[in-house]
Amino acid sequence: MKGITQVIAVELKLIIRDPMSAFFALAFPTIMIWVKLRSGKPLPGGLPSVDANVPMLSIFVIGLATLVILPATLAQYRERRVLKRLLATPASPGMLFGAQWIAHMLMALLGTALLIAIGAIGYDLSAPADPGVVVLAWVLGALSLSGIGFLLGAIVPSGRTATVLGLSVFFPMVFISGAVIPRESMSGSMRAIGDMLPMAPAVQTIRNGWEGHAASPVAMLAMVGICLVTAGVAVKAFRW
């Protein structure tokens, strides 16, 4: 237990010291929320824009941490032969994945806290109607998207390649799944396409919890299924 705690602490320090990781996970989402809320216009249907954008962008933060930063970190370790040295220790892929996941999720949690603080202080953000569903959606979303990130990081040979692949997955997903553009502003065809992407259940569930709508059991089961399948394949396919 002490060993994995030390690994998590080291990983977290390395992530925070990386200026690009810190910027994209912490500063970039706060800039985005300022840009998106400048007009102050409510969404179609009358929902205050801040009450949709803060939970949406929290999934954006998770996506950055899991789909871009996490696989790039693992691939850089492979490229620099750090993983080869770990192979000579009792460390297993599961232990490495666990330490990486906790460190990256702590960063995502900090980014989410910043979004909530900015929304509450500057834009009169409403409290979530069902905090339990919001927390559950955040955790399940983090697990499901992390599985995809681990799968990329398990096989990609270099950090640069992992970053390119991660961004190629991340940007279409955040725009079509509703993590950047509210679903109310999308056409029916865009919503239909977005509903098929792995990020959509997390966005829909966290918004339902924040706005007081019933959470979909299908969406939550979908997140669990994505996590189990992708993480299982990632462990099997992992290359030291």
# chains A, B, ... in the order shown; residues from 1 in each chain; ligands from 1
call {"tool": "closest_atom_pairs", "arguments": {"of": "region 81-188 of chain A", "to": "region 37-54 of chain A", "cutoff": "8 Å", "atoms": "only C-alpha atoms", "output": "CSV"}}
result
residue,atom,partner,partner_atom,distance
A:Leu115,CA,A:Val54,CA,6.2
A:Ile116,CA,A:Val54,CA,6.4
A:Gly119,CA,A:Val50,CA,6.5
A:Tyr123,CA,A:Val50,CA,6.7
A:Asp124,CA,A:Val50,CA,7.8
A:Leu125,CA,A:Asp51,CA,5.9
A:Ser126,CA,A:Asp51,CA,6.3
A:Ala179,CA,A:Asn53,CA,7.9
A:Val180,CA,A:Asn53,CA,7.5
A:Pro182,CA,A:Ala52,CA,7.3
A:Glu184,CA,A:Pro44,CA,6.3
A:Ser185,CA,A:Pro44,CA,7.3
call {"tool": "write_last_selection", "arguments": {"atoms": "N, CA, C and O atoms", "output": "CSV table (one decimal), in the first residue's frame"}}
result
chain,number,residue,atom,x,y,z
A,115,LEU,N,-13.8,24.6,-12.2
A,115,LEU,CA,-15.0,24.9,-13.0
A,115,LEU,C,-16.2,25.3,-12.1
A,115,LEU,O,-16.9,26.3,-12.3
A,116,ILE,N,-16.4,24.4,-11.1
A,116,ILE,CA,-17.5,24.7,-10.2
A,116,ILE,C,-17.3,26.0,-9.4
A,116,ILE,O,-18.3,26.8,-9.3
A,119,GLY,N,-18.0,28.9,-11.8
A,119,GLY,CA,-19.4,29.0,-12.1
A,119,GLY,C,-20.2,29.5,-10.9
A,119,GLY,O,-21.1,30.3,-11.1
A,123,TYR,N,-20.9,33.2,-12.0
A,123,TYR,CA,-22.1,33.1,-12.9
A,123,TYR,C,-23.3,32.5,-12.2
A,123,TYR,O,-24.2,32.1,-12.9
A,124,ASP,N,-23.3,32.5,-10.9
A,124,ASP,CA,-24.5,32.0,-10.1
A,124,ASP,C,-24.9,30.6,-10.5
A,124,ASP,O,-26.1,30.3,-10.8
A,125,LEU,N,-24.0,29.7,-10.5
A,125,LEU,CA,-24.2,28.3,-10.8
A,125,LEU,C,-25.2,27.7,-9.7
A,125,LEU,O,-25.0,27.9,-8.5
A,126,SER,N,-26.2,27.0,-10.2
A,126,SER,CA,-27.1,26.3,-9.2
A,126,SER,C,-26.4,25.1,-8.7
A,126,SER,O,-25.6,24.4,-9.3
A,179,ALA,N,-20.2,17.5,-24.8
A,179,ALA,CA,-19.4,18.0,-23.7
A,179,ALA,C,-18.9,19.4,-24.0
A,179,ALA,O,-18.4,20.1,-23.1
A,180,VAL,N,-19.1,19.9,-25.2
A,180,VAL,CA,-18.8,21.3,-25.5
A,180,VAL,C,-20.0,22.0,-26.1
A,180,VAL,O,-20.3,23.1,-25.6
A,182,PRO,N,-24.0,22.1,-26.2
A,182,PRO,CA,-25.1,21.5,-25.6
A,182,PRO,C,-26.0,20.8,-26.6
A,182,PRO,O,-26.2,21.2,-27.7
A,184,GLU,N,-29.0,20.6,-26.7
A,184,GLU,CA,-30.2,21.4,-27.1
A,184,GLU,C,-29.9,22.2,-28.4
A,184,GLU,O,-30.8,22.6,-29.1
A,185,SER,N,-28.6,22.5,-28.6
A,185,SER,CA,-28.2,23.3,-29.8
A,185,SER,C,-27.9,22.5,-31.0
A,185,SER,O,-27.5,23.0,-32.0
call {"tool": "closest_atom_pairs", "arguments": {"of": "region 200-239 of chain A", "to": "region 127-130 of chain A", "cutoff": "8 Å", "atoms": "only C-alpha atoms", "output": "Markdown table"}}
result
| residue | atom | partner | partner_atom | distance |
| --- | --- | --- | --- | --- |
| A:Gly209 | CA | A:Asp130 | CA | 5.0 |
| A:Trp210 | CA | A:Pro128 | CA | 4.1 |
| A:Glu211 | CA | A:Ala129 | CA | 5.7 |
| A:Gly212 | CA | A:Ala129 | CA | 4.8 |
call {"tool": "write_last_selection", "arguments": {"atoms": "N, CA, C and O atoms", "output": "PDB file, in the first residue's frame"}}
result
ATOM      1  N   GLY A 209     -28.279  14.459 -13.516  1.00  0.00           N
ATOM      2  CA  GLY A 209     -28.138  14.612 -12.077  1.00  0.00           C
ATOM      3  C   GLY A 209     -28.110  16.064 -11.649  1.00  0.00           C
ATOM      4  O   GLY A 209     -28.688  16.435 -10.613  1.00  0.00           O
ATOM      5  N   TRP A 210     -27.445  16.918 -12.436  1.00  0.00           N
ATOM      6  CA  TRP A 210     -27.346  18.332 -12.067  1.00  0.00           C
ATOM      7  C   TRP A 210     -28.689  19.043 -12.208  1.00  0.00           C
ATOM      8  O   TRP A 210     -29.055  19.884 -11.384  1.00  0.00           O
ATOM      9  N   GLU A 211     -29.438  18.665 -13.251  1.00  0.00           N
ATOM     10  CA  GLU A 211     -30.696  19.358 -13.538  1.00  0.00           C
ATOM     11  C   GLU A 211     -31.904  18.730 -12.861  1.00  0.00           C
ATOM     12  O   GLU A 211     -33.011  19.286 -12.915  1.00  0.00           O
ATOM     13  N   GLY A 212     -31.731  17.560 -12.244  1.00  0.00           N
ATOM     14  CA  GLY A 212     -32.824  16.948 -11.517  1.00  0.00           C
ATOM     15  C   GLY A 212     -33.674  15.988 -12.327  1.00  0.00           C
ATOM     16  O   GLY A 212     -34.784  15.625 -11.911  1.00  0.00           O
TER      17      GLY A 212
END
call {"tool": "closest_residue", "arguments": {"among": "A:Leu26, A:Leu70, A:Met56, A:Met20", "to": "Ser146 (chain A)", "atoms": "only C-alpha atoms"}}
result
A:Leu70
call {"tool": "residues_around", "arguments": {"residues": "region 133-144 of chain A", "least_positions_apart": "4", "cutoff": "6 Å", "atoms": "only C-alpha atoms", "output": "MDAnalysis selection string"}}
result
chainID A and resid 202 205:206 209 223 226:227
call {"tool": "select_by_dssp", "arguments": {"residues": "region 197-234 of chain A", "states": "helix (DSSP H, G or I)", "output": "NGL selection string"}}
result
:A and (200-211 or 217-234)
call {"tool": "closest_atom_pairs", "arguments": {"of": "region 76-144 of chain A", "to": "region 153-171 of chain A", "cutoff": "12 Å", "atoms": "only C-alpha atoms", "output": "CSV"}}
result
residue,atom,partner,partner_atom,distance
A:Gln76,CA,A:Gly159,CA,4.5
A:Tyr77,CA,A:Gly159,CA,8.1
A:Arg78,CA,A:Pro157,CA,6.6
A:Glu79,CA,A:Ser158,CA,5.3
A:Arg80,CA,A:Ser158,CA,8.7
A:Arg81,CA,A:Pro157,CA,10.5
A:Leu83,CA,A:Ala154,CA,10.8
A:Pro93,CA,A:Ala154,CA,9.1
A:Gly94,CA,A:Ala154,CA,11.4
A:Leu96,CA,A:Ala154,CA,10.9
A:Phe97,CA,A:Ala154,CA,9.6
A:Gln100,CA,A:Gly153,CA,11.0
A:Trp101,CA,A:Gly153,CA,12.0
call {"tool": "write_last_selection", "arguments": {"atoms": "all heavy atoms", "output": "tab-separated table (two decimals), in the first residue's frame"}}
result
chain	number	residue	atom	x	y	z
A	76	GLN	N	5.13	7.54	-23.36
A	76	GLN	CA	6.44	8.14	-23.10
A	76	GLN	C	7.28	7.23	-22.20
A	76	GLN	O	8.49	7.10	-22.41
A	76	GLN	CB	6.27	9.51	-22.45
A	76	GLN	CG	5.82	10.59	-23.41
A	76	GLN	CD	5.46	11.88	-22.69
A	76	GLN	OE1	5.56	11.97	-21.47
A	76	GLN	NE2	5.04	12.89	-23.44
A	77	TYR	N	6.65	6.61	-21.23
A	77	TYR	CA	7.37	5.67	-20.37
A	77	TYR	C	7.90	4.50	-21.19
A	77	TYR	O	9.01	4.02	-20.97
A	77	TYR	CB	6.44	5.14	-19.27
A	77	TYR	CG	6.22	6.09	-18.12
A	77	TYR	CD1	6.72	7.38	-18.15
A	77	TYR	CD2	5.52	5.69	-16.98
A	77	TYR	CE1	6.52	8.25	-17.10
A	77	TYR	CE2	5.31	6.55	-15.93
A	77	TYR	CZ	5.82	7.83	-15.99
A	77	TYR	OH	5.62	8.68	-14.95
A	78	ARG	N	7.10	4.02	-22.13
A	78	ARG	CA	7.55	2.92	-22.99
A	78	ARG	C	8.70	3.40	-23.88
A	78	ARG	O	9.71	2.70	-24.04
A	78	ARG	CB	6.38	2.43	-23.85
A	78	ARG	CG	6.75	1.30	-24.80
A	78	ARG	CD	5.54	0.75	-25.54
A	78	ARG	NE	4.60	0.18	-24.61
A	78	ARG	CZ	3.42	0.75	-24.29
A	78	ARG	NH1	3.08	1.90	-24.84
A	78	ARG	NH2	2.62	0.18	-23.42
A	79	GLU	N	8.55	4.58	-24.45
A	79	GLU	CA	9.57	5.13	-25.35
A	79	GLU	C	10.90	5.33	-24.63
A	79	GLU	O	11.97	5.11	-25.21
A	79	GLU	CB	9.06	6.45	-25.91
A	79	GLU	CG	9.91	7.06	-27.00
A	79	GLU	CD	9.26	8.34	-27.55
A	79	GLU	OE1	8.32	8.86	-26.91
A	79	GLU	OE2	9.72	8.80	-28.60
A	80	ARG	N	10.84	5.74	-23.37
A	80	ARG	CA	12.06	6.02	-22.60
A	80	ARG	C	12.54	4.78	-21.83
A	80	ARG	O	13.45	4.89	-21.00
A	80	ARG	CB	11.79	7.16	-21.62
A	80	ARG	CG	11.48	8.48	-22.31
A	80	ARG	CD	10.98	9.52	-21.33
A	80	ARG	NE	10.62	10.76	-22.01
A	80	ARG	CZ	10.00	11.79	-21.42
A	80	ARG	NH1	9.67	11.70	-20.15
A	80	ARG	NH2	9.71	12.87	-22.12
A	81	ARG	N	11.90	3.64	-22.05
A	81	ARG	CA	12.25	2.36	-21.44
A	81	ARG	C	12.06	2.34	-19.92
A	81	ARG	O	12.66	1.53	-19.23
A	81	ARG	CB	13.70	1.97	-21.80
A	81	ARG	CG	13.91	1.78	-23.30
A	81	ARG	CD	15.26	1.19	-23.61
A	81	ARG	NE	15.40	0.97	-25.04
A	81	ARG	CZ	14.96	-0.09	-25.70
A	81	ARG	NH1	14.32	-1.04	-25.03
A	81	ARG	NH2	15.14	-0.22	-27.00
A	83	LEU	N	9.21	1.54	-18.63
A	83	LEU	CA	8.41	0.33	-18.41
A	83	LEU	C	9.29	-0.91	-18.39
A	83	LEU	O	9.01	-1.86	-17.63
A	83	LEU	CB	7.34	0.21	-19.50
A	83	LEU	CG	6.28	1.32	-19.53
A	83	LEU	CD1	5.28	1.06	-20.65
A	83	LEU	CD2	5.56	1.44	-18.20
A	93	PRO	N	0.85	-4.73	-14.70
A	93	PRO	CA	0.09	-3.73	-15.46
A	93	PRO	C	-1.07	-3.15	-14.66
A	93	PRO	O	-1.34	-1.95	-14.73
A	93	PRO	CB	-0.40	-4.53	-16.67
A	93	PRO	CG	0.60	-5.61	-16.85
A	93	PRO	CD	1.04	-5.98	-15.46
A	94	GLY	N	-1.74	-4.00	-13.86
A	94	GLY	CA	-2.86	-3.51	-13.06
A	94	GLY	C	-2.42	-2.47	-12.04
A	94	GLY	O	-3.10	-1.46	-11.84
A	96	LEU	N	0.28	-0.56	-12.23
A	96	LEU	CA	0.68	0.64	-12.96
A	96	LEU	C	-0.54	1.41	-13.42
A	96	LEU	O	-0.60	2.64	-13.28
A	96	LEU	CB	1.54	0.24	-14.16
A	96	LEU	CG	2.03	1.39	-15.05
A	96	LEU	CD1	2.96	2.32	-14.28
A	96	LEU	CD2	2.73	0.84	-16.28
A	97	PHE	N	-1.53	0.72	-13.97
A	97	PHE	CA	-2.76	1.37	-14.41
A	97	PHE	C	-3.45	2.05	-13.24
A	97	PHE	O	-3.95	3.17	-13.36
A	97	PHE	CB	-3.72	0.36	-15.04
A	97	PHE	CG	-3.34	-0.08	-16.43
A	97	PHE	CD1	-2.19	0.40	-17.04
A	97	PHE	CD2	-4.13	-0.97	-17.12
A	97	PHE	CE1	-1.83	0.01	-18.32
A	97	PHE	CE2	-3.80	-1.37	-18.41
A	97	PHE	CZ	-2.64	-0.89	-19.01
A	100	GLN	N	-1.56	5.25	-12.23
A	100	GLN	CA	-1.74	6.26	-13.26
A	100	GLN	C	-3.16	6.82	-13.22
A	100	GLN	O	-3.37	8.04	-13.35
A	100	GLN	CB	-1.46	5.66	-14.65
A	100	GLN	CG	0.00	5.39	-14.93
A	100	GLN	CD	0.77	6.67	-15.21
A	100	GLN	OE1	0.21	7.67	-15.62
A	100	GLN	NE2	2.07	6.65	-14.98
A	101	TRP	N	-4.13	5.95	-13.05
A	101	TRP	CA	-5.53	6.39	-13.04
A	101	TRP	C	-5.79	7.34	-11.87
A	101	TRP	O	-6.39	8.41	-12.05
A	101	TRP	CB	-6.47	5.19	-12.95
A	101	TRP	CG	-7.92	5.59	-13.08
A	101	TRP	CD1	-8.59	5.83	-14.24
A	101	TRP	CD2	-8.86	5.81	-12.02
A	101	TRP	NE1	-9.88	6.19	-13.97
A	101	TRP	CE2	-10.08	6.18	-12.62
A	101	TRP	CE3	-8.78	5.72	-10.63
A	101	TRP	CZ2	-11.22	6.47	-11.87
A	101	TRP	CZ3	-9.92	6.02	-9.89
A	101	TRP	CH2	-11.13	6.38	-10.51
call {"tool": "closest_residue", "arguments": {"among": "A:Pro172, A:Ile118, A:Leu151, A:Leu74", "to": "Ala237 (chain A)", "atoms": "only C-alpha atoms"}}
result
A:Leu151
